[in-house]
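Notes for the one structure printed next.
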Amino acid sequence: MGTFSRISSRKKKKKNHTRTPSNQSNPSADTSGEAKEISRKKLAGNLEEDLQYLISETGQSSDIIIRELAIGPEHGTKAAVIVTDGLINNQTVNNSILKMMLDPFSFPDSPDPETIFQKLKTGILSVSGVKEILYWDDLFFSLLTGETIILMDGNPVALATNTKGGEVRQIGEPKAEISIRGAQDSFTESIRINTSLVRRRIVNPHLHLESMTLGKVTQTKVEIMYIKGIANDKIVQEVRDRLQRIDIDQMIDAGYIEQMIEDETFTTFPTVFYTERPDIVASNLLEGKVAIFVQGSPSVITVPALFVEFFQSADDYYMRFDISTALRILRVLIFILSILAPAAYVAVTTFHQEMIPTTLIIAIAAQREAIPFPAFVEALVMEITFEILREAGVRLPRAIGQAVSIVGALVIGQAAIQASIVSPAMVIIVAITAIANFAIPSYSVAISTRLIRFVLMALSAFMGFYGIIFGLTIMIFHLCSLRSFGIPYLAPLAPLMARNIGDSIIRLPLWAMRSRPTLISQKNIIRVGNEQRPFPDQSGENR
C-alpha cells in the first residue's frame with residue numbers, strides 16, 4: 001500500500017456522499033424546503049419593507065444598530081446604515097461612511113438614486129472592500145461578521161463595507177508552551193491577527209491562504225495556510241476535502257475540527273498537532289505541512305502530525321544541536337518513565353521480588369507490613385488521588401489553584417502514610433511519575449500517558465512484567481498502524497528514513513539538515529545549500 005492509501009480510500013467513500021461544501025453553502029441553510037427558500041430571498045428594494053424584514057429576522061436585537069439617513073440633492077433619497085455594535089470600528093464607520101454620506105458636497109450633480117448608488121460604490125466611501133449584496137443570507141452573514149450594510153430606497157442591491165473591529169485580546173506571551181530563547185508572542189482569538197503573525201515570519205507570495213465557513217449555525221470562519229511549491233498538493237487537497245465534509249451546527253474552537261478530521265478516533269494518541277506559537281506554525285509550514293486557523297481559537301492546527309513532533313520544543317532549534325539532542329532523548333526517557341514507573345513497582349513487589357536487591361526488598365517489605373491493600377490497589381488509590389488534585393488545581397482560580405494542589409498533595413500524602421493506607425515508596429513513585437508527566441512538552445501526549453499508565457498498572461497486577469511487555473507490544477503495534485493524513489505516524493523511525501532521521505529524536509546541526517521531511521513535502525526537498533558548515537579562519541590573518 002502506498003503512503004496515501006488512506007487518502008484514496010476516503011476519496012472513494014466521498015463519491016457516495018453528496019453535500020454542498022461548507023464554504024459554498026448558505027449561512028441560513030436548513031433541511032426544510034421553506035428555510036432554503038428564505039435563505040436565498042432577495043432584497044425587495046423598498047427601504048421600509050427591507051428594514052422591517054431585517055428587524056423581524058434579528059428579533060429586534062439591541063446590538064443591531066440602524067441609522068436612517070436622507071442623502072443626495074435636497075436630501076431626497078432615503079438610505080439606512082446598519083451595523084452590529086461591538087464588531088465594528090466605530091471611528092471608521094463615523095468618519096469614512098456616515099460623514100461622507102451626509103456631506104452635501106458628496107453628490108453635487110446626482111439626480112437619481114442609481115447614480116448616487118454608483119458614486120457610493122466607486123468614489124464616496126473611503127473604506128476598503130466595498131461589495132454588492134443581492135440576497136438576505138449574504139447580508140446577514142456580512143452584518144454579523146463586522147461589516148457595515150448600506151441600504152437605499154428603490155434599489156434592490158445593498159452595499160457591504162469592511163469595517164471590522166471591536167475589542168480583541170492583545171498579543172501576549174505563550175501560556176502553555178514556554179520558550180527561553182524563542183519569540184514571546186502567541187496567537188489570540190482573532191483569526192486575522194493569527195495569520196498576520198505567521199506572515200511576518202514568512203514573507204513569501206507563495207504562502208497561500210484559503211478561507212471557508214464551517215458550522216451551519218455559528219458560521220465560523222476557517223482558513224487553511226500552506227506554502228505552494230513546498231506543501232504536497234495531495235495533502236492540501238485532502239485537508240480541503242475533510243473540512244468540506246464537516247456537517248455540524250457549531251464550530252467553536254479548533255478542538256472541534258481536530259475531532260472531525262483526525263484519521264483514527266479510537267486512539268489515545270493525537271494525530272493532529274496544535275500550538276499557540278506562531279514560530280512553530282511557521283517552521284511546520286516550511287516543512288510542507290498545512291496549518292488550519294479557526295476564528296475564536298487561540299490554537300492553530302498543523303497536519304500531518306508525527307509522533308516525534310510531540311517531543312520537540314521550539315527552543316530545540318534555538319540552541320546548539322548537542323544540547324537539543326540531549327533534551328529530546330531526556331523527554332523520551334521521561335515519557336517511558338511516566339507510563340512504566342507505577343506498573344513496574346506493582347510488578348516487582350507482587351511477582352518479581354527476586355529482581356530487587358535484598359536490602360531494598362527488606363526495606364520495602366517493612367514499609368508494606370502494615371498496609372492492608374495489595375500494591376495494585378495502593379498504586380491505584382494514589383494515582384487517582386493525584387489526578388483529582390491535579391484537576392482541582394487546574395479548575396480552581398489561578399491565585400489559589402497551585403497552593404491547593406501543593407498543600408493537598410503534601411497533607412494527603414503524609415496522612416496516608418501515617419494511616420498505613422500507602423507506603424512511603426509508593427508516594428515517591430507517584431510523585432516522580434507526576435513530575436515526569438509535566439516535563440513532556442505536548443499536553444495532548446501527556447494526557448495519553450496518564451491513560452496508558454492505568455492500563456499497564458492493571459496488566460502488571462495480573463501478569464507482572466509479562467503483562468507490561470504485552471501492553472507495550474500492543475501499544476507499539478497500534479502506533480505503527482496510525483496515519484496522519486496518509487503519513488505514517490512513526491515516520492521517520494518506522495518506516496526508517498535515514499535522510500530525515502537528523503530531525504527526530506536526535507537533532508543534527510542546522511547546516512546538516514539539508515532536506516525537508518520526504519513523505520510530507522515530496523517536492524522542493526532541499527532547504528539548506530551546499531557547504532554551509534562553518535569553518536574557522538585558518539589563515540591567521542584575523543588573529
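Labels for the C-alpha cells follow display order: chains A, B, ..., residues from 1 in each chain, ligands from 1.
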Strand (DSSP E) per DSSP on the backbone: members of stretch 138-292 of chain A, as a JSON list (two decimals) with N, CA, C and O atoms, in the first residue's frame:
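Output saved as result-v4.json:
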[["chain", "number", "residue", "atom", "x", "y", "z"],
["A", 148, "THR", "N", -20.32, 46.80, 7.52],
["A", 148, "THR", "CA", -21.39, 47.80, 7.56],
["A", 148, "THR", "C", -22.25, 47.65, 6.31],
["A", 148, "THR", "O", -21.72, 47.58, 5.19],
["A", 149, "ILE", "N", -23.56, 47.62, 6.48],
["A", 149, "ILE", "CA", -24.51, 47.45, 5.38],
["A", 149, "ILE", "C", -25.17, 48.79, 5.07],
["A", 149, "ILE", "O", -25.61, 49.51, 5.98],
["A", 150, "ILE", "N", -25.25, 49.12, 3.79],
["A", 150, "ILE", "CA", -25.92, 50.34, 3.33],
["A", 150, "ILE", "C", -27.07, 49.94, 2.43],
["A", 150, "ILE", "O", -26.88, 49.28, 1.40],
["A", 151, "LEU", "N", -28.29, 50.33, 2.82],
["A", 151, "LEU", "CA", -29.49, 50.10, 2.03],
["A", 151, "LEU", "C", -30.00, 51.44, 1.48],
["A", 151, "LEU", "O", -29.94, 52.47, 2.18],
["A", 152, "MET", "N", -30.51, 51.42, 0.25],
["A", 152, "MET", "CA", -31.08, 52.62, -0.36],
["A", 152, "MET", "C", -32.49, 52.32, -0.85],
["A", 152, "MET", "O", -32.76, 51.25, -1.40],
["A", 158, "ALA", "N", -27.75, 45.97, -1.91],
["A", 158, "ALA", "CA", -27.12, 46.62, -0.75],
["A", 158, "ALA", "C", -25.62, 46.67, -0.95],
["A", 158, "ALA", "O", -25.04, 45.91, -1.74],
["A", 159, "LEU", "N", -24.98, 47.55, -0.21],
["A", 159, "LEU", "CA", -23.51, 47.64, -0.19],
["A", 159, "LEU", "C", -23.00, 47.18, 1.17],
["A", 159, "LEU", "O", -23.57, 47.52, 2.21],
["A", 160, "ALA", "N", -21.94, 46.39, 1.15],
["A", 160, "ALA", "CA", -21.27, 45.95, 2.38],
["A", 160, "ALA", "C", -19.84, 46.46, 2.36],
["A", 160, "ALA", "O", -19.12, 46.28, 1.37],
["A", 161, "THR", "N", -19.45, 47.12, 3.43],
["A", 161, "THR", "CA", -18.10, 47.69, 3.51],
["A", 161, "THR", "C", -17.34, 47.07, 4.67],
["A", 161, "THR", "O", -17.92, 46.72, 5.70],
["A", 207, "LEU", "N", 2.98, 31.84, 0.06],
["A", 207, "LEU", "CA", 2.26, 31.47, 1.27],
["A", 207, "LEU", "C", 0.77, 31.73, 1.04],
["A", 207, "LEU", "O", 0.29, 32.85, 1.14],
["A", 208, "HIS", "N", 0.05, 30.68, 0.69],
["A", 208, "HIS", "CA", -1.35, 30.82, 0.29],
["A", 208, "HIS", "C", -2.28, 30.64, 1.47],
["A", 208, "HIS", "O", -2.00, 29.87, 2.40],
["A", 209, "LEU", "N", -3.42, 31.34, 1.39],
["A", 209, "LEU", "CA", -4.42, 31.30, 2.46],
["A", 209, "LEU", "C", -5.79, 31.11, 1.80],
["A", 209, "LEU", "O", -6.18, 31.90, 0.95],
["A", 210, "GLU", "N", -6.49, 30.04, 2.20],
["A", 210, "GLU", "CA", -7.81, 29.75, 1.66],
["A", 210, "GLU", "C", -8.84, 29.80, 2.79],
["A", 210, "GLU", "O", -8.60, 29.27, 3.87],
["A", 211, "SER", "N", -9.98, 30.42, 2.50],
["A", 211, "SER", "CA", -10.99, 30.65, 3.53],
["A", 211, "SER", "C", -12.25, 29.85, 3.24],
["A", 211, "SER", "O", -12.60, 29.63, 2.07],
["A", 212, "MET", "N", -12.91, 29.40, 4.29],
["A", 212, "MET", "CA", -14.20, 28.74, 4.18],
["A", 212, "MET", "C", -14.98, 28.98, 5.47],
["A", 212, "MET", "O", -14.43, 29.49, 6.44],
["A", 213, "THR", "N", -16.26, 28.62, 5.46],
["A", 213, "THR", "CA", -17.12, 28.82, 6.61],
["A", 213, "THR", "C", -17.67, 27.47, 7.06],
["A", 213, "THR", "O", -18.21, 26.71, 6.24],
["A", 214, "LEU", "N", -17.50, 27.15, 8.35],
["A", 214, "LEU", "CA", -17.98, 25.89, 8.91],
["A", 214, "LEU", "C", -18.94, 26.17, 10.07],
["A", 214, "LEU", "O", -18.77, 27.15, 10.78],
["A", 220, "THR", "N", -18.67, 29.87, 11.43],
["A", 220, "THR", "CA", -17.32, 30.21, 11.88],
["A", 220, "THR", "C", -16.36, 30.24, 10.70],
["A", 220, "THR", "O", -16.36, 29.33, 9.86],
["A", 221, "LYS", "N", -15.55, 31.26, 10.67],
["A", 221, "LYS", "CA", -14.56, 31.39, 9.59],
["A", 221, "LYS", "C", -13.37, 30.49, 9.88],
["A", 221, "LYS", "O", -12.81, 30.51, 10.97],
["A", 222, "VAL", "N", -12.98, 29.69, 8.90],
["A", 222, "VAL", "CA", -11.85, 28.77, 8.99],
["A", 222, "VAL", "C", -10.94, 29.01, 7.79],
["A", 222, "VAL", "O", -11.44, 29.18, 6.67],
["A", 223, "GLU", "N", -9.64, 29.05, 8.02],
["A", 223, "GLU", "CA", -8.70, 29.28, 6.93],
["A", 223, "GLU", "C", -7.59, 28.25, 6.99],
["A", 223, "GLU", "O", -7.13, 27.88, 8.08],
["A", 224, "ILE", "N", -7.17, 27.78, 5.83],
["A", 224, "ILE", "CA", -6.02, 26.89, 5.74],
["A", 224, "ILE", "C", -4.88, 27.63, 5.08],
["A", 224, "ILE", "O", -5.08, 28.42, 4.16],
["A", 225, "MET", "N", -3.67, 27.38, 5.58],
["A", 225, "MET", "CA", -2.48, 28.07, 5.10],
["A", 225, "MET", "C", -1.42, 27.04, 4.73],
["A", 225, "MET", "O", -1.21, 26.06, 5.45],
["A", 226, "TYR", "N", -0.78, 27.26, 3.60],
["A", 226, "TYR", "CA", 0.29, 26.37, 3.15],
["A", 226, "TYR", "C", 1.20, 27.14, 2.21],
["A", 226, "TYR", "O", 0.84, 28.22, 1.72],
["A", 227, "ILE", "N", 2.38, 26.59, 1.94],
["A", 227, "ILE", "CA", 3.33, 27.22, 1.03],
["A", 227, "ILE", "C", 3.28, 26.48, -0.29],
["A", 227, "ILE", "O", 3.67, 25.30, -0.37],
["A", 273, "PHE", "N", -1.57, 18.11, 15.28],
["A", 273, "PHE", "CA", -0.74, 18.89, 16.20],
["A", 273, "PHE", "C", -1.32, 20.29, 16.33],
["A", 273, "PHE", "O", -1.68, 20.91, 15.32],
["A", 274, "TYR", "N", -1.44, 20.77, 17.55],
["A", 274, "TYR", "CA", -1.91, 22.15, 17.73],
["A", 274, "TYR", "C", -0.95, 22.91, 18.63],
["A", 274, "TYR", "O", -0.30, 22.35, 19.50],
["A", 275, "THR", "N", -0.84, 24.21, 18.37],
["A", 275, "THR", "CA", 0.12, 25.03, 19.09],
["A", 275, "THR", "C", -0.40, 26.45, 19.22],
["A", 275, "THR", "O", -1.29, 26.87, 18.45],
["A", 290, "VAL", "N", 0.41, 21.74, 6.55],
["A", 290, "VAL", "CA", -0.73, 22.64, 6.33],
["A", 290, "VAL", "C", -1.24, 23.11, 7.69],
["A", 290, "VAL", "O", -1.40, 22.29, 8.61],
["A", 291, "ALA", "N", -1.48, 24.41, 7.83],
["A", 291, "ALA", "CA", -2.00, 24.98, 9.07],
["A", 291, "ALA", "C", -3.47, 25.31, 8.91],
["A", 291, "ALA", "O", -3.92, 25.74, 7.84],
["A", 292, "ILE", "N", -4.24, 25.10, 9.98],
["A", 292, "ILE", "CA", -5.68, 25.38, 9.99],
["A", 292, "ILE", "C", -5.97, 26.39, 11.09],
["A", 292, "ILE", "O", -5.72, 26.12, 12.27]]
Surrounding residues of A:Thr218 excluding itself and chain neighbours under 3 positions, 9 Å, only C-alpha atoms, as a list in words: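 The contact residues come out as Pro27, Leu214, Gly215, Asp249, Gln250, Met251 and Ile252 of chain A.
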May I ask which of the residues A:Ser460, A:Ser504, A:Ser313, A:Asn284 is the closest one to A:Tyr345, counting only C-alpha atoms?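 The shortest atom-to-atom distance to A:Tyr345 comes from A:Ser460.
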Atom CA of A:Phe293 to atom CA of A:Gly86: how many Å, to one decimal? 22.2 Å
Stretch 519-528 of chain A surroundings by only C-alpha atoms, 12 Å radius, close-in-sequence under 2 positions cut, as a PyMOL selection string: chain A and resi 2-4+226-236+283-290+303-306+483-492+494-497+499-500+509-517+530-533
Can you pull out the residues contacting A:Met382? Cut-off 10 Å, using only C-alpha atoms, and skip same-chain residues under 2 positions away; I want them as an mmCIF file with N, CA, C and O atoms, in the first residue's frame.
data_model
loop_
_atom_site.group_PDB
_atom_site.id
_atom_site.type_symbol
_atom_site.label_atom_id
_atom_site.label_comp_id
_atom_site.auth_asym_id
_atom_site.auth_seq_id
_atom_site.Cartn_x
_atom_site.Cartn_y
_atom_site.Cartn_z
ATOM 1 N N PHE A 376 -1.246 -3.092 43.818
ATOM 2 C CA PHE A 376 -2.039 -2.504 42.741
ATOM 3 C C PHE A 376 -3.083 -1.539 43.289
ATOM 4 O O PHE A 376 -3.255 -0.423 42.775
ATOM 5 N N VAL A 377 -3.812 -1.939 44.326
ATOM 6 C CA VAL A 377 -4.814 -1.059 44.925
ATOM 7 C C VAL A 377 -4.138 0.174 45.514
ATOM 8 O O VAL A 377 -4.651 1.301 45.407
ATOM 9 N N GLU A 378 -3.005 -0.025 46.142
ATOM 10 C CA GLU A 378 -2.246 1.095 46.712
ATOM 11 C C GLU A 378 -1.860 2.096 45.623
ATOM 12 O O GLU A 378 -2.063 3.320 45.776
ATOM 13 N N ALA A 379 -1.330 1.583 44.488
ATOM 14 C CA ALA A 379 -0.943 2.470 43.386
ATOM 15 C C ALA A 379 -2.167 3.137 42.773
ATOM 16 O O ALA A 379 -2.130 4.334 42.425
ATOM 17 N N LEU A 380 -3.257 2.391 42.643
ATOM 18 C CA LEU A 380 -4.469 2.948 42.046
ATOM 19 C C LEU A 380 -5.040 4.081 42.892
ATOM 20 O O LEU A 380 -5.428 5.135 42.368
ATOM 21 N N ILE A 384 -5.187 7.941 41.451
ATOM 22 C CA ILE A 384 -6.482 8.621 41.336
ATOM 23 C C ILE A 384 -6.516 9.858 42.227
ATOM 24 O O ILE A 384 -7.030 10.920 41.822
ATOM 25 N N THR A 385 -5.955 9.769 43.424
ATOM 26 C CA THR A 385 -5.910 10.923 44.322
ATOM 27 C C THR A 385 -5.124 12.064 43.699
ATOM 28 O O THR A 385 -5.545 13.235 43.745
ATOM 29 N N PHE A 386 -3.990 11.722 43.088
ATOM 30 C CA PHE A 386 -3.180 12.779 42.473
ATOM 31 C C PHE A 386 -3.887 13.376 41.258
ATOM 32 O O PHE A 386 -3.785 14.585 41.007
ATOM 33 N N GLU A 387 -4.606 12.548 40.491
ATOM 34 C CA GLU A 387 -5.344 13.078 39.349
ATOM 35 C C GLU A 387 -6.435 14.043 39.812
ATOM 36 O O GLU A 387 -6.697 15.064 39.170
ATOM 37 N N ILE A 388 -7.074 13.727 40.937
ATOM 38 C CA ILE A 388 -8.090 14.635 41.482
ATOM 39 C C ILE A 388 -7.456 15.967 41.877
ATOM 40 O O ILE A 388 -7.987 17.046 41.583
ATOM 41 N N ILE A 412 -2.250 15.147 52.144
ATOM 42 C CA ILE A 412 -2.854 13.836 51.901
ATOM 43 C C ILE A 412 -1.788 12.744 51.870
ATOM 44 O O ILE A 412 -1.990 11.643 52.408
ATOM 45 N N GLY A 413 -0.644 13.020 51.240
ATOM 46 C CA GLY A 413 0.427 12.026 51.197
ATOM 47 C C GLY A 413 0.929 11.663 52.578
ATOM 48 O O GLY A 413 1.074 10.475 52.911
ATOM 49 N N ALA A 416 -1.825 9.769 54.506
ATOM 50 C CA ALA A 416 -1.997 8.403 54.012
ATOM 51 C C ALA A 416 -0.906 7.487 54.528
ATOM 52 O O ALA A 416 -1.155 6.320 54.852
ATOM 53 N N ILE A 421 -2.232 3.541 54.850
ATOM 54 C CA ILE A 421 -3.005 3.251 53.642
ATOM 55 C C ILE A 421 -2.070 3.004 52.465
ATOM 56 O O ILE A 421 -2.316 2.123 51.639
ATOM 57 N N VAL A 422 -0.980 3.784 52.400
ATOM 58 C CA VAL A 422 0.026 3.601 51.354
ATOM 59 C C VAL A 422 1.399 3.628 52.011
ATOM 60 O O VAL A 422 1.573 4.142 53.124
ATOM 61 N N MET A 426 5.629 4.055 47.630
ATOM 62 C CA MET A 426 4.603 4.318 46.627
ATOM 63 C C MET A 426 4.398 5.812 46.435
ATOM 64 O O MET A 426 4.186 6.285 45.305
ATOM 65 N N VAL A 427 4.457 6.588 47.508
ATOM 66 C CA VAL A 427 4.330 8.047 47.380
ATOM 67 C C VAL A 427 5.465 8.598 46.531
ATOM 68 O O VAL A 427 5.260 9.479 45.685
ATOM 69 N N ILE A 429 7.143 6.972 44.165
ATOM 70 C CA ILE A 429 6.925 6.559 42.776
ATOM 71 C C ILE A 429 5.880 7.441 42.104
ATOM 72 O O ILE A 429 6.069 7.919 40.973
ATOM 73 N N VAL A 430 4.773 7.689 42.775
ATOM 74 C CA VAL A 430 3.707 8.507 42.196
ATOM 75 C C VAL A 430 4.179 9.948 41.996
ATOM 76 O O VAL A 430 3.863 10.582 40.975
ATOM 77 N N ALA A 431 4.928 10.477 42.928
ATOM 78 C CA ALA A 431 5.422 11.855 42.799
ATOM 79 C C ALA A 431 6.382 11.987 41.617
ATOM 80 O O ALA A 431 6.299 12.941 40.832
#
Give the answer as one residue: which of A:Leu125, A:Leu493, A:Ile55, A:Leu43 has the shortest atom-to-atom distance to A:Pro156, using only C-alpha atoms? A:Leu43
Separation of atom CA of A:Arg507 and atom CA of A:Arg331, in Å?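 A separation of 13.4 Å between them.
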